[in-house]
Every structure is written in structure tokens, then in C-alpha cells.
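Participant: Take a look at model_2.pdb, PDB, C-alpha atoms and all ligand atoms:
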ATOM      1  CA  MET A   8       0.000   0.000   0.000
ATOM      2  CA  ASN A   9       1.321   3.390  -0.937
ATOM      3  CA  THR A  10       0.462   5.141   2.308
ATOM      4  CA  HIS A  11       1.473   8.562   1.076
ATOM      5  CA  THR A  12      -0.785   8.354  -1.964
ATOM      6  CA  GLU A  13      -3.677   7.041   0.091
ATOM      7  CA  THR A  14      -3.300   9.792   2.683
ATOM      8  CA  THR A  15      -3.115  12.473   0.005
ATOM      9  CA  ARG A  16      -6.122  11.001  -1.756
ATOM     10  CA  GLN A  17      -8.220  11.123   1.413
ATOM     11  CA  ALA A  18      -7.073  14.638   2.207
ATOM     12  CA  SER A  19      -7.701  16.052  -1.240
ATOM     13  CA  ARG A  20     -11.104  14.401  -1.713
ATOM     14  CA  PRO A  21     -12.884  15.012   1.570
ATOM     15  CA  ASP A  22     -16.260  14.646  -0.149
ATOM     16  CA  THR A  23     -15.774  10.983  -1.034
ATOM     17  CA  PRO A  24     -14.967   9.032   2.125
ATOM     18  CA  GLY A  25     -17.206   6.237   3.388
ATOM     19  CA  PRO A  26     -17.744   2.568   2.704
ATOM     20  CA  ALA A  27     -15.543   1.059   0.022
ATOM     21  CA  HIS A  28     -18.425   0.402  -2.378
ATOM     22  CA  GLN A  29     -19.186   4.141  -2.475
ATOM     23  CA  ASP A  30     -15.585   4.695  -3.534
ATOM     24  CA  GLY A  31     -15.970   2.350  -6.468
ATOM     25  CA  LEU A  32     -18.417   1.932  -9.345
ATOM     26  CA  ILE A  33     -22.196   1.788  -8.957
ATOM     27  CA  MET A  34     -24.407   1.194 -12.011
ATOM     28  CA  ARG A  35     -28.143   1.145 -11.309
ATOM     29  CA  ASP A  36     -30.779  -0.060 -13.730
ATOM     30  CA  VAL A  37     -28.750   1.006 -16.758
ATOM     31  CA  THR A  38     -30.335   0.551 -20.180
ATOM     32  CA  MET A  39     -28.802   1.615 -23.480
ATOM     33  CA  LEU A  40     -30.347   1.223 -26.915
ATOM     34  CA  LEU A  41     -28.188   1.265 -30.030
ATOM     35  CA  GLY A  42     -29.192   1.652 -33.660
ATOM     36  CA  ASP A  43     -32.602   2.906 -34.746
ATOM     37  CA  GLY A  44     -35.955   1.781 -36.092
ATOM     38  CA  GLU A  45     -36.327  -1.949 -36.489
ATOM     39  CA  ASP A  46     -32.588  -2.384 -35.991
ATOM     40  CA  THR A  47     -32.646  -1.116 -32.399
ATOM     41  CA  VAL A  48     -30.602  -3.322 -30.073
ATOM     42  CA  ARG A  49     -30.870  -3.301 -26.291
ATOM     43  CA  ALA A  50     -27.081  -3.247 -25.806
ATOM     44  CA  LEU A  51     -27.570  -2.874 -22.036
ATOM     45  CA  ASP A  52     -30.767  -4.139 -20.438
ATOM     46  CA  SER A  53     -31.444  -2.979 -16.829
ATOM     47  CA  VAL A  54     -27.861  -3.574 -15.746
ATOM     48  CA  HIS A  55     -26.996  -3.403 -12.036
ATOM     49  CA  LEU A  56     -23.325  -3.589 -11.096
ATOM     50  CA  THR A  57     -21.438  -2.558  -7.967
ATOM     51  CA  VAL A  58     -17.655  -2.868  -7.824
ATOM     52  CA  ALA A  59     -16.034  -1.703  -4.592
ATOM     53  CA  ALA A  60     -12.702   0.056  -4.279
ATOM     54  CA  GLY A  61     -10.087  -2.717  -4.209
ATOM     55  CA  GLU A  62     -12.372  -5.236  -5.968
ATOM     56  CA  PHE A  63     -11.380  -6.945  -9.217
ATOM     57  CA  ALA A  64     -14.478  -7.870 -11.257
ATOM     58  CA  ALA A  65     -14.501  -9.839 -14.508
ATOM     59  CA  ILE A  66     -17.148  -9.820 -17.223
ATOM     60  CA  VAL A  67     -17.489 -12.693 -19.643
ATOM     61  CA  GLY A  68     -20.034 -13.323 -22.370
ATOM     62  CA  PRO A  69     -20.410 -14.055 -26.069
ATOM     63  CA  SER A  70     -19.518 -11.651 -28.853
ATOM     64  CA  GLY A  71     -22.145  -8.956 -29.264
ATOM     65  CA  SER A  72     -23.634  -9.471 -25.788
ATOM     66  CA  GLY A  73     -22.894  -5.874 -24.693
ATOM     67  CA  LYS A  74     -19.550  -6.049 -22.864
ATOM     68  CA  SER A  75     -17.961  -3.121 -24.717
ATOM     69  CA  SER A  76     -21.139  -1.110 -24.254
ATOM     70  CA  LEU A  77     -20.944  -1.751 -20.531
ATOM     71  CA  LEU A  78     -17.344  -0.501 -20.346
ATOM     72  CA  ALA A  79     -18.203   2.567 -22.425
ATOM     73  CA  VAL A  80     -21.116   3.527 -20.165
ATOM     74  CA  ALA A  81     -19.263   2.679 -16.925
ATOM     75  CA  GLY A  82     -16.398   4.965 -17.945
ATOM     76  CA  GLY A  83     -18.563   7.840 -19.162
ATOM     77  CA  LEU A  84     -17.634   7.408 -22.835
ATOM     78  CA  ALA A  85     -21.291   6.861 -23.676
ATOM     79  CA  ALA A  86     -24.474   8.008 -21.952
ATOM     80  CA  PRO A  87     -27.180   5.389 -21.253
ATOM     81  CA  ASP A  88     -30.843   5.931 -22.139
ATOM     82  CA  SER A  89     -31.837   5.363 -18.516
ATOM     83  CA  GLY A  90     -30.296   4.452 -15.177
ATOM     84  CA  THR A  91     -27.429   5.957 -13.210
ATOM     85  CA  VAL A  92     -23.663   5.527 -13.042
ATOM     86  CA  THR A  93     -21.674   6.741 -10.030
ATOM     87  CA  ILE A  94     -17.887   6.617  -9.719
ATOM     88  CA  ALA A  95     -16.304   7.321  -6.321
ATOM     89  CA  GLY A  96     -19.508   9.036  -5.254
ATOM     90  CA  ARG A  97     -19.658  11.285  -8.344
ATOM     91  CA  PRO A  98     -22.801  10.949 -10.445
ATOM     92  CA  MET A  99     -21.594  10.532 -14.026
ATOM     93  CA  THR A 100     -25.014  10.279 -15.626
ATOM     94  CA  ALA A 101     -26.234  13.531 -14.054
ATOM     95  CA  ALA A 102     -23.220  15.448 -15.373
ATOM     96  CA  SER A 103     -23.141  17.487 -18.588
ATOM     97  CA  ARG A 104     -21.075  16.093 -21.440
ATOM     98  CA  ARG A 105     -18.249  18.458 -20.587
ATOM     99  CA  ALA A 106     -18.328  17.678 -16.864
ATOM    100  CA  ARG A 107     -18.420  13.972 -17.679
ATOM    101  CA  THR A 108     -15.253  14.335 -19.746
ATOM    102  CA  ALA A 109     -13.491  16.019 -16.808
ATOM    103  CA  LEU A 110     -14.719  13.342 -14.379
ATOM    104  CA  ARG A 111     -13.567  10.626 -16.749
ATOM    105  CA  ARG A 112     -10.104  12.170 -16.990
ATOM    106  CA  ASP A 113      -9.808  12.384 -13.199
ATOM    107  CA  LEU A 114     -11.487   9.146 -12.137
ATOM    108  CA  VAL A 115     -11.163   6.538 -14.886
ATOM    109  CA  GLY A 116      -8.258   4.626 -16.447
ATOM    110  CA  PHE A 117      -8.718   2.570 -19.626
ATOM    111  CA  VAL A 118      -6.614  -0.402 -20.749
ATOM    112  CA  PHE A 119      -7.153  -1.723 -24.273
ATOM    113  CA  GLN A 120      -6.405  -5.052 -25.912
ATOM    114  CA  SER A 121      -2.936  -4.377 -27.256
ATOM    115  CA  GLY A 122      -1.762  -1.595 -24.964
ATOM    116  CA  ASN A 123      -2.671   1.126 -27.490
ATOM    117  CA  LEU A 124       0.606   2.955 -27.005
ATOM    118  CA  LEU A 125       1.760   5.923 -29.070
ATOM    119  CA  PRO A 126       4.468   4.614 -31.437
ATOM    120  CA  ALA A 127       6.787   7.641 -31.115
ATOM    121  CA  LEU A 128       6.961   7.774 -27.325
ATOM    122  CA  THR A 129       9.259   5.898 -24.950
ATOM    123  CA  ALA A 130       7.676   3.881 -22.150
ATOM    124  CA  ILE A 131       8.308   6.577 -19.552
ATOM    125  CA  ASP A 132       6.899   9.307 -21.830
ATOM    126  CA  GLN A 133       3.725   7.240 -22.378
ATOM    127  CA  LEU A 134       3.187   7.676 -18.620
ATOM    128  CA  ARG A 135       4.229  11.326 -18.456
ATOM    129  CA  LEU A 136       1.755  12.401 -21.135
ATOM    130  CA  PRO A 137      -1.539  11.821 -19.233
ATOM    131  CA  THR A 138      -0.179  13.574 -16.134
ATOM    132  CA  ARG A 139       0.111  16.792 -18.202
ATOM    133  CA  PHE A 140      -3.648  16.774 -18.854
ATOM    134  CA  ALA A 141      -4.646  16.020 -15.263
ATOM    135  CA  SER A 142      -6.718  18.564 -13.349
ATOM    136  CA  PRO A 143      -4.787  20.857 -10.998
ATOM    137  CA  GLY A 144      -4.466  19.120  -7.625
ATOM    138  CA  ALA A 145      -5.234  15.677  -9.094
ATOM    139  CA  VAL A 146      -3.669  12.772  -7.207
ATOM    140  CA  GLY A 147      -1.245  11.132  -9.582
ATOM    141  CA  ARG A 148       1.552   8.629  -9.202
ATOM    142  CA  ASP A 149       5.206   8.971 -10.059
ATOM    143  CA  PRO A 150       5.773   7.572 -13.594
ATOM    144  CA  MET A 151       9.107   5.916 -12.771
ATOM    145  CA  ASP A 152       7.812   4.372  -9.519
ATOM    146  CA  LEU A 153       4.904   2.944 -11.457
ATOM    147  CA  LEU A 154       7.091   1.557 -14.267
ATOM    148  CA  THR A 155       9.203  -0.094 -11.558
ATOM    149  CA  GLU A 156       6.087  -1.579  -9.967
ATOM    150  CA  VAL A 157       5.063  -3.208 -13.255
ATOM    151  CA  GLY A 158       8.577  -4.524 -13.858
ATOM    152  CA  MET A 159       9.434  -2.148 -16.700
ATOM    153  CA  ALA A 160      11.964   0.216 -15.101
ATOM    154  CA  GLY A 161      14.828  -1.286 -17.137
ATOM    155  CA  LYS A 162      13.023  -0.548 -20.417
ATOM    156  CA  ALA A 163      11.779   2.968 -19.666
ATOM    157  CA  ASP A 164      13.566   4.432 -22.715
ATOM    158  CA  ARG A 165      12.233   1.920 -25.230
ATOM    159  CA  ARG A 166       9.546   2.670 -27.783
ATOM    160  CA  PRO A 167       6.611   0.271 -28.313
ATOM    161  CA  HIS A 168       8.177  -1.528 -31.302
ATOM    162  CA  GLN A 169      11.146  -2.423 -29.075
ATOM    163  CA  LEU A 170       8.874  -4.147 -26.532
ATOM    164  CA  SER A 171       7.120  -7.539 -26.493
ATOM    165  CA  GLY A 172       3.320  -7.792 -26.429
ATOM    166  CA  GLY A 173       3.304  -8.491 -22.683
ATOM    167  CA  GLU A 174       5.668  -5.584 -22.020
ATOM    168  CA  ARG A 175       3.486  -3.229 -24.061
ATOM    169  CA  GLN A 176       0.508  -4.342 -22.037
ATOM    170  CA  ARG A 177       2.409  -3.627 -18.785
ATOM    171  CA  VAL A 178       3.176  -0.106 -19.993
ATOM    172  CA  GLY A 179      -0.470   0.330 -21.047
ATOM    173  CA  ILE A 180      -1.636  -0.672 -17.568
ATOM    174  CA  ALA A 181       0.901   1.632 -15.900
ATOM    175  CA  ARG A 182      -0.257   4.479 -18.149
ATOM    176  CA  ALA A 183      -3.883   3.893 -17.144
ATOM    177  CA  LEU A 184      -2.899   4.011 -13.457
ATOM    178  CA  VAL A 185      -0.577   7.024 -13.522
ATOM    179  CA  THR A 186      -3.321   9.584 -12.910
ATOM    180  CA  GLY A 187      -4.487   7.659  -9.803
ATOM    181  CA  PRO A 188      -7.908   6.578 -11.174
ATOM    182  CA  ARG A 189     -10.645   5.234  -8.894
ATOM    183  CA  LEU A 190     -12.043   3.014 -11.655
ATOM    184  CA  LEU A 191      -9.936   0.922 -14.049
ATOM    185  CA  LEU A 192     -11.684  -0.482 -17.155
ATOM    186  CA  VAL A 193      -9.807  -3.213 -18.959
ATOM    187  CA  ASP A 194     -10.856  -4.654 -22.328
ATOM    188  CA  GLU A 195      -9.456  -8.101 -23.205
ATOM    189  CA  PRO A 196      -5.936  -7.470 -21.834
ATOM    190  CA  THR A 197      -4.679 -10.962 -22.631
ATOM    191  CA  ALA A 198      -6.109 -11.382 -26.138
ATOM    192  CA  ALA A 199      -2.673 -11.232 -27.791
ATOM    193  CA  LEU A 200      -0.700 -13.113 -25.111
ATOM    194  CA  ASP A 201       0.216 -16.722 -24.363
ATOM    195  CA  GLN A 202      -1.057 -18.390 -21.192
ATOM    196  CA  ALA A 203       1.947 -17.656 -18.954
ATOM    197  CA  ARG A 204       2.037 -13.979 -19.905
ATOM    198  CA  SER A 205      -1.730 -13.709 -19.574
ATOM    199  CA  ARG A 206      -1.485 -14.934 -15.997
ATOM    200  CA  ASP A 207       1.323 -12.482 -15.209
ATOM    201  CA  ILE A 208      -0.682  -9.554 -16.561
ATOM    202  CA  VAL A 209      -3.896 -10.468 -14.754
ATOM    203  CA  GLN A 210      -2.056 -11.143 -11.487
ATOM    204  CA  MET A 211      -0.476  -7.722 -11.841
ATOM    205  CA  LEU A 212      -3.903  -6.148 -12.375
ATOM    206  CA  ALA A 213      -5.175  -7.952  -9.257
ATOM    207  CA  ARG A 214      -2.249  -6.654  -7.203
ATOM    208  CA  GLU A 215      -2.628  -3.064  -8.408
ATOM    209  CA  THR A 216      -6.372  -3.192  -7.766
ATOM    210  CA  ARG A 217      -5.902  -4.235  -4.142
ATOM    211  CA  GLN A 218      -2.812  -2.231  -3.251
ATOM    212  CA  HIS A 219      -4.185   1.021  -4.602
ATOM    213  CA  ALA A 220      -7.883   0.483  -3.803
ATOM    214  CA  VAL A 221      -9.012   0.825  -7.418
ATOM    215  CA  ALA A 222     -12.319  -0.648  -8.598
ATOM    216  CA  THR A 223     -11.367  -2.727 -11.649
ATOM    217  CA  VAL A 224     -13.682  -4.166 -14.312
ATOM    218  CA  MET A 225     -12.067  -6.482 -16.859
ATOM    219  CA  VAL A 226     -13.783  -7.893 -19.922
ATOM    220  CA  THR A 227     -12.238 -11.212 -20.910
ATOM    221  CA  HIS A 228     -12.802 -14.354 -22.955
ATOM    222  CA  ASP A 229     -10.036 -16.077 -21.029
ATOM    223  CA  THR A 230     -11.633 -18.310 -18.369
ATOM    224  CA  GLU A 231      -8.174 -19.386 -17.186
ATOM    225  CA  VAL A 232      -7.570 -15.969 -15.537
ATOM    226  CA  LEU A 233     -10.917 -15.757 -13.698
ATOM    227  CA  GLN A 234      -9.288 -17.392 -10.644
ATOM    228  CA  TYR A 235      -7.519 -14.069  -9.932
ATOM    229  CA  CYS A 236     -10.760 -12.062  -9.863
ATOM    230  CA  ASP A 237     -12.981 -11.359  -6.833
ATOM    231  CA  SER A 238     -16.251 -11.515  -8.748
ATOM    232  CA  VAL A 239     -17.335 -12.813 -12.146
ATOM    233  CA  TYR A 240     -20.359 -11.611 -14.142
ATOM    234  CA  GLU A 241     -21.847 -12.910 -17.352
ATOM    235  CA  MET A 242     -23.309 -10.715 -20.050
ATOM    236  CA  MET A 243     -26.040 -12.192 -22.246
ATOM    237  CA  ASP A 244     -28.125 -10.152 -24.710
ATOM    238  CA  GLY A 245     -27.432  -6.952 -22.756
ATOM    239  CA  ALA A 246     -28.374  -8.433 -19.358
ATOM    240  CA  LEU A 247     -25.778  -8.925 -16.634
ATOM    241  CA  SER A 248     -25.871 -11.680 -14.018
ATOM    242  CA  LYS A 249     -23.434 -12.809 -11.360
ATOM    243  CA  LYS A 250     -21.789 -16.188 -11.925
TER     244      LYS A 250
HETATM  245  N1  LIG A 301     -23.261   1.800 -33.140
HETATM  246  C1  LIG A 301     -24.076   0.764 -33.060
HETATM  247  N2  LIG A 301     -25.277   0.792 -33.674
HETATM  248  C2  LIG A 301     -26.128  -0.242 -33.586
HETATM  249  N3  LIG A 301     -25.864  -1.355 -32.877
HETATM  250  C3  LIG A 301     -24.677  -1.461 -32.259
HETATM  251  C4  LIG A 301     -23.712  -0.418 -32.312
HETATM  252  N4  LIG A 301     -22.629  -0.800 -31.591
HETATM  253  C5  LIG A 301     -22.902  -2.035 -31.119
HETATM  254  N5  LIG A 301     -24.116  -2.433 -31.511
HETATM  255  C6  LIG A 301     -24.784  -3.713 -31.163
HETATM  256  O1  LIG A 301     -24.962  -3.716 -29.742
HETATM  257  C7  LIG A 301     -24.772  -5.037 -29.224
HETATM  258  C8  LIG A 301     -23.692  -5.002 -28.143
HETATM  259  O2  LIG A 301     -22.422  -4.708 -28.745
HETATM  260  P1  LIG A 301     -21.065  -4.700 -27.898
HETATM  261  O3  LIG A 301     -19.989  -4.183 -28.809
HETATM  262  O4  LIG A 301     -21.282  -3.973 -26.630
HETATM  263  O5  LIG A 301     -20.835  -6.266 -27.602
HETATM  264  P2  LIG A 301     -19.559  -7.057 -27.044
HETATM  265  O6  LIG A 301     -20.077  -8.038 -26.036
HETATM  266  O7  LIG A 301     -18.535  -6.098 -26.571
HETATM  267  O8  LIG A 301     -19.005  -7.838 -28.308
HETATM  268  P3  LIG A 301     -17.488  -8.355 -28.642
HETATM  269  O9  LIG A 301     -17.141  -9.408 -27.630
HETATM  270  O10 LIG A 301     -17.647  -8.919 -30.028
HETATM  271  O11 LIG A 301     -16.585  -7.151 -28.605
HETATM  272  C9  LIG A 301     -24.428  -5.917 -30.417
HETATM  273  O12 LIG A 301     -25.622  -6.535 -30.831
HETATM  274  C10 LIG A 301     -23.958  -4.928 -31.487
HETATM  275  O13 LIG A 301     -24.212  -5.424 -32.774
END
Would you mind writing the structure in this file as C-alpha cells?

Facilitator:
Amino acid sequence: MNTHTETTRQASRPDTPGPAHQDGLIMRDVTMLLGDGEDTVRALDSVHLTVAAGEFAAIVGPSGSGKSSLLAVAGGLAAPDSGTVTIAGRPMTAASRRARTALRRDLVGFVFQSGNLLPALTAIDQLRLPTRFASPGAVGRDPMDLLTEVGMAGKADRRPHQLSGGERQRVGIARALVTGPRLLLVDEPTAALDQARSRDIVQMLARETRQHAVATVMVTHDTEVLQYCDSVYEMMDGALSKK
């Protein structure tokens, strides 16, 4: 546990203390329709999901069942047709589009399938970039400390093409964590990795989630890594149920 970061976080966000679940993600009765006319799809159908700070939740389900839609709405990238989304006590769905963008920047980290790194930047600069856009007073983490934590300190000056798939994913995860998010949304992090590297990456996500009290939601097709998660949900035709 990074005591300094935790203390600073409490001190700088006096409006969000309380039970751990209030510090995490709460989705209540969330419905989102996509498409129009006869082609309308209920991408999310009355979804309820609570992920506490420090909890690592996994979402599985067939292609087209609504998993990406769920991540998009949870992270404030898309607005649902009805229902509410709260992150660390902040109501995302009640916020204007502009306010939602600011909340997303301060509260949410995204990790994509292949790391999604910028080709021209070194590993350390991938982490420095988001800290430049953070709100004044935002609680961030030191880029080099974080690279060390994910085992990438020795390759801080390498660009993405000089890294393996697993190493790129480590940098992508570190980048998502550098602004000190309260919610981490992870989309198929092991899709391009072999089994051993997949385990390493998911174990690292589990450790980061607990040590830094982040609420983490990971979409995965990889049932092998579910053993490292605290809760597992299944998405089916837009409806979410606990497994
Ligand atoms: N822009 C859109 N317009 C209309 N329908 C859409 C749109 N985007 C997605 N959909 C539909 O919404 C449903 C949910 O899609 P979503 O991408 O959330 O599923 P998914 O579970 O993430 O799939 P995958 O595992 O293949 O990524 C699908 O039926 C999809 O065809």
C-alpha cells in the first residue's frame, strides 16, 4: 500500500470518504439502446453492477452481448438511455457532457487489448503524457515508480516496437494508473498473449487493484484468468448476471 498516496487522496477528496463500495463503481438499472428503427438493439438491459474500491471484477459473455457497451457507459464514454452511473460518489449520468469528460479524466483509467501505445513515445513518456492533462491538484503517481512496480523500469527508454506484447501491455496498464484513477476499465488485456504472460498480466492487475484500492472491471474471454478475480459476471443479450 502506498500510504502517502492514500493519505493524500483522502485529504484532497474530503467529499468521497465512506464505505468502500461508495468509492468504487455503482451502475443502477442502466439501459442503453443502439441503432434505430427496427434495428434497435438493447445493448444494455437494466444492468446493475457494484464494484467496490479494491475489488477486481470480470465480465465474460459471447460476442455482441454488450460487454464493450458496458465498459463505455461505466467509464462515461457513452451516456445510457436510462439508469445511473456513479464513480467514487460522483454521479456521471447527471453530469453534462463536458463535466463527464473532466470526471472521466480524473477518475477513470482505460486499458485496451494491445496496450494502445503511441508509437513515437518511450515507455516513460507514455506515462508522463496523461499527467500533463490532469486537473490541478489531481492525485497522480510517479511515472518511474509505477514503471518499476510493473517490472518495466529497465526498459523505460524503449519505444513500443522495441517491446514484447506483454511488455506493451504492462506499460499500457501503468499508463492507465498514472493519474491515480478510482475506476480501471480493462478490455481483453490478454487477447494477444500466451497463457503464462496472460497470468502475469492479470495477477499484476489484481495486485494493483488491491494495493491502490481501485475498482477494476475487466472484460475477458479467457476463463483461465478468472481465478484471480474477486467476482465474475456474465453478459447475455445486454443483461448482466453474477456467476
Ligand atoms: N453503433 C451501433 N449501432 C447499432 N448497434 C450497435 C452499435 N454498436 C454495437 N451495436 C450492437 O450492440 C450489441 C452489443 O455490442 P457490444 O460491442 O457492446 O458487444 P460485445 O459483447 O462487446 O461484443 P465483442 O465481444 O464482439 O466485442 C451488439 O448486438 C452490437 O451489434

Participant: Which residues sit within 8 Å of ligand LIG 301 (chain A), counting only C-alpha atoms and all ligand atoms, listed as a ChimeraX atom specification?

Facilitator: /A:40-43,46-51,68-77,242,244-245

Participant: Where does the PyMOL selection byres (((chain A and resi 117-131) around 10) and not hetatm) land in this file, that is, which residues does it pick, as number ranges by chain?

Facilitator: A: 78-79, 82, 111, 115-116, 132-136, 150-151, 153-154, 159-160, 162-170, 172-184, 188, 190-200, 223-227

Participant: Evaluating the PyMOL selection byres (((chain A and resi 90) around 8) and not hetatm) on the displayed file yields which residues, as a short mmCIF file (atom, residue, chain, number, x, y, z; two decimals) with C-alpha atoms, in the coordinates of the input?

Facilitator:
data_model
loop_
_atom_site.label_atom_id
_atom_site.label_comp_id
_atom_site.auth_asym_id
_atom_site.auth_seq_id
_atom_site.Cartn_x
_atom_site.Cartn_y
_atom_site.Cartn_z
CA MET A 34 -24.41 1.19 -12.01
CA ARG A 35 -28.14 1.14 -11.31
CA ASP A 36 -30.78 -0.06 -13.73
CA VAL A 37 -28.75 1.01 -16.76
CA THR A 38 -30.34 0.55 -20.18
CA SER A 53 -31.44 -2.98 -16.83
CA PRO A 87 -27.18 5.39 -21.25
CA ASP A 88 -30.84 5.93 -22.14
CA SER A 89 -31.84 5.36 -18.52
CA THR A 91 -27.43 5.96 -13.21
CA VAL A 92 -23.66 5.53 -13.04
CA THR A 100 -25.01 10.28 -15.63
#

Participant: Go ahead and compute the interatomic distance for atom CA of Phe140 of chain A and atom CA of Gly61 of chain A, in Å to one decimal.

Facilitator: 25.2 Å

Participant: Take the PyMOL selection byres (((chain A and resi 250) around 7) and not hetatm), run it mentally on this structure, and tell me the resulting residues as a list of chain:residue names.

Facilitator: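 Against this file, the PyMOL selection byres (((chain A and resi 250) around 7) and not hetatm) returns the residues A:Val239, A:Tyr240, A:Glu241, A:Ser248, A:Lys249.
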
Participant: Quote the spacing between atom CA of Leu247 of chain A and atom CA of Gly187 of chain A in Å to one decimal place.

Facilitator: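 Atom-to-atom, atom CA of Leu247 of chain A to atom CA of Gly187 of chain A, that is 27.8 Å.
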
Participant: Tell me which of A:Pro137, A:Ala95, A:Val185, A:Thr57 sits closest to Asp152 of chain A, counting all atoms listed in the file.

Facilitator: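 Selected residue with least distance to Asp152 of chain A: A:Val185.
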
Participant: Could you check which of A:Asp149, A:Cys236, A:Gln202, A:Ala86 is closest to Arg107 of chain A, using all atoms listed in the file?

Facilitator: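 Among the listed residues, the smallest separation from Arg107 of chain A belongs to A:Ala86.
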
Participant: Name the closest residue to Glu156 of chain A among the candidates A:Gln218, A:Arg206, A:Ala59, A:Thr93; distances are taken between atoms, counting all atoms listed in the file.

Facilitator: A:Gln218

Participant: In Å, rounded to a single decimal, give me how far atom CA of Ala81 of chain A is from atom CA of Met99 of chain A.

Facilitator: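 For atom CA of Met99 of chain A relative to atom CA of Ala81 of chain A, the distance reads 8.7 Å.
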
Participant: Select, from A:Glu62, A:Asp201, A:Asp207, A:Asp113, the residue with the minimum atom-to-atom distance to Ser238 of chain A, counting only C-alpha atoms.

Facilitator: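 Smallest distance to Ser238 of chain A is found for A:Glu62.
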
Participant: Taking all atoms of segment 79-91 of chain A that appear in the file, build a box with edges along x, y and z, extend it by 6 Å on every side, and state its centre and edge lengths in Å to one decimal, as JSON.

Facilitator:
{"center_x": -24.1, "center_y": 5.3, "center_z": -18.4, "size_x": 27.4, "size_y": 17.4, "size_z": 22.5}

Participant: Which residue, A:Leu32, A:Ala203, A:Met39, A:Leu233, has the smallest gap to Ala85 of chain A when you use only C-alpha atoms?

Facilitator: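 Residue with the minimum atom-to-atom distance to Ala85 of chain A: A:Met39.
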
Participant: Please determine, counting only C-alpha atoms, which residue among A:Arg97, A:Arg214, A:Arg189, A:Arg104 has the shortest atom-to-atom distance to Ala145 of chain A.

Facilitator: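 Comparing A:Arg97, A:Arg214, A:Arg189, A:Arg104 against Ala145 of chain A, the winner is A:Arg189.
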
Participant: Assuming the input is short of atoms at segment 92-108 of chain A, produce N, CA and C atoms for that part as a PDB file, keeping the file's coordinate frame.

Facilitator:
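Printed below is selection31.pdb as written:
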ATOM      1  N   VAL A  92     -25.027   6.020 -13.233  1.00  0.00           N
ATOM      2  CA  VAL A  92     -23.663   5.527 -13.042  1.00  0.00           C
ATOM      3  C   VAL A  92     -22.965   6.491 -12.086  1.00  0.00           C
ATOM      4  N   THR A  93     -22.395   5.929 -11.017  1.00  0.00           N
ATOM      5  CA  THR A  93     -21.674   6.741 -10.030  1.00  0.00           C
ATOM      6  C   THR A  93     -20.269   6.176  -9.870  1.00  0.00           C
ATOM      7  N   ILE A  94     -19.270   7.051  -9.935  1.00  0.00           N
ATOM      8  CA  ILE A  94     -17.887   6.617  -9.719  1.00  0.00           C
ATOM      9  C   ILE A  94     -17.329   7.401  -8.542  1.00  0.00           C
ATOM     10  N   ALA A  95     -16.875   6.686  -7.515  1.00  0.00           N
ATOM     11  CA  ALA A  95     -16.304   7.321  -6.321  1.00  0.00           C
ATOM     12  C   ALA A  95     -17.245   8.410  -5.786  1.00  0.00           C
ATOM     13  N   GLY A  96     -18.523   8.102  -5.792  1.00  0.00           N
ATOM     14  CA  GLY A  96     -19.508   9.036  -5.254  1.00  0.00           C
ATOM     15  C   GLY A  96     -19.910  10.148  -6.204  1.00  0.00           C
ATOM     16  N   ARG A  97     -19.317  10.213  -7.384  1.00  0.00           N
ATOM     17  CA  ARG A  97     -19.658  11.285  -8.344  1.00  0.00           C
ATOM     18  C   ARG A  97     -20.658  10.759  -9.365  1.00  0.00           C
ATOM     19  N   PRO A  98     -21.793  11.417  -9.486  1.00  0.00           N
ATOM     20  CA  PRO A  98     -22.801  10.949 -10.445  1.00  0.00           C
ATOM     21  C   PRO A  98     -22.424  11.306 -11.880  1.00  0.00           C
ATOM     22  N   MET A  99     -22.016  10.303 -12.637  1.00  0.00           N
ATOM     23  CA  MET A  99     -21.594  10.532 -14.026  1.00  0.00           C
ATOM     24  C   MET A  99     -22.780  10.860 -14.923  1.00  0.00           C
ATOM     25  N   THR A 100     -23.889  10.138 -14.715  1.00  0.00           N
ATOM     26  CA  THR A 100     -25.014  10.279 -15.626  1.00  0.00           C
ATOM     27  C   THR A 100     -25.733  11.608 -15.447  1.00  0.00           C
ATOM     28  N   ALA A 101     -25.575  12.243 -14.272  1.00  0.00           N
ATOM     29  CA  ALA A 101     -26.234  13.531 -14.054  1.00  0.00           C
ATOM     30  C   ALA A 101     -25.388  14.676 -14.615  1.00  0.00           C
ATOM     31  N   ALA A 102     -24.136  14.383 -14.953  1.00  0.00           N
ATOM     32  CA  ALA A 102     -23.220  15.448 -15.373  1.00  0.00           C
ATOM     33  C   ALA A 102     -23.430  15.816 -16.841  1.00  0.00           C
ATOM     34  N   SER A 103     -23.111  17.072 -17.191  1.00  0.00           N
ATOM     35  CA  SER A 103     -23.141  17.487 -18.588  1.00  0.00           C
ATOM     36  C   SER A 103     -22.029  16.736 -19.328  1.00  0.00           C
ATOM     37  N   ARG A 104     -22.082  16.790 -20.647  1.00  0.00           N
ATOM     38  CA  ARG A 104     -21.075  16.093 -21.440  1.00  0.00           C
ATOM     39  C   ARG A 104     -19.666  16.571 -21.085  1.00  0.00           C
ATOM     40  N   ARG A 105     -19.544  17.868 -20.896  1.00  0.00           N
ATOM     41  CA  ARG A 105     -18.249  18.458 -20.587  1.00  0.00           C
ATOM     42  C   ARG A 105     -17.758  18.035 -19.191  1.00  0.00           C
ATOM     43  N   ALA A 106     -18.693  18.070 -18.232  1.00  0.00           N
ATOM     44  CA  ALA A 106     -18.328  17.678 -16.864  1.00  0.00           C
ATOM     45  C   ALA A 106     -17.972  16.197 -16.820  1.00  0.00           C
ATOM     46  N   ARG A 107     -18.691  15.415 -17.636  1.00  0.00           N
ATOM     47  CA  ARG A 107     -18.420  13.972 -17.679  1.00  0.00           C
ATOM     48  C   ARG A 107     -17.014  13.703 -18.212  1.00  0.00           C
ATOM     49  N   THR A 108     -16.599  14.488 -19.192  1.00  0.00           N
ATOM     50  CA  THR A 108     -15.253  14.335 -19.746  1.00  0.00           C
ATOM     51  C   THR A 108     -14.208  14.623 -18.668  1.00  0.00           C
TER      52      THR A 108
END
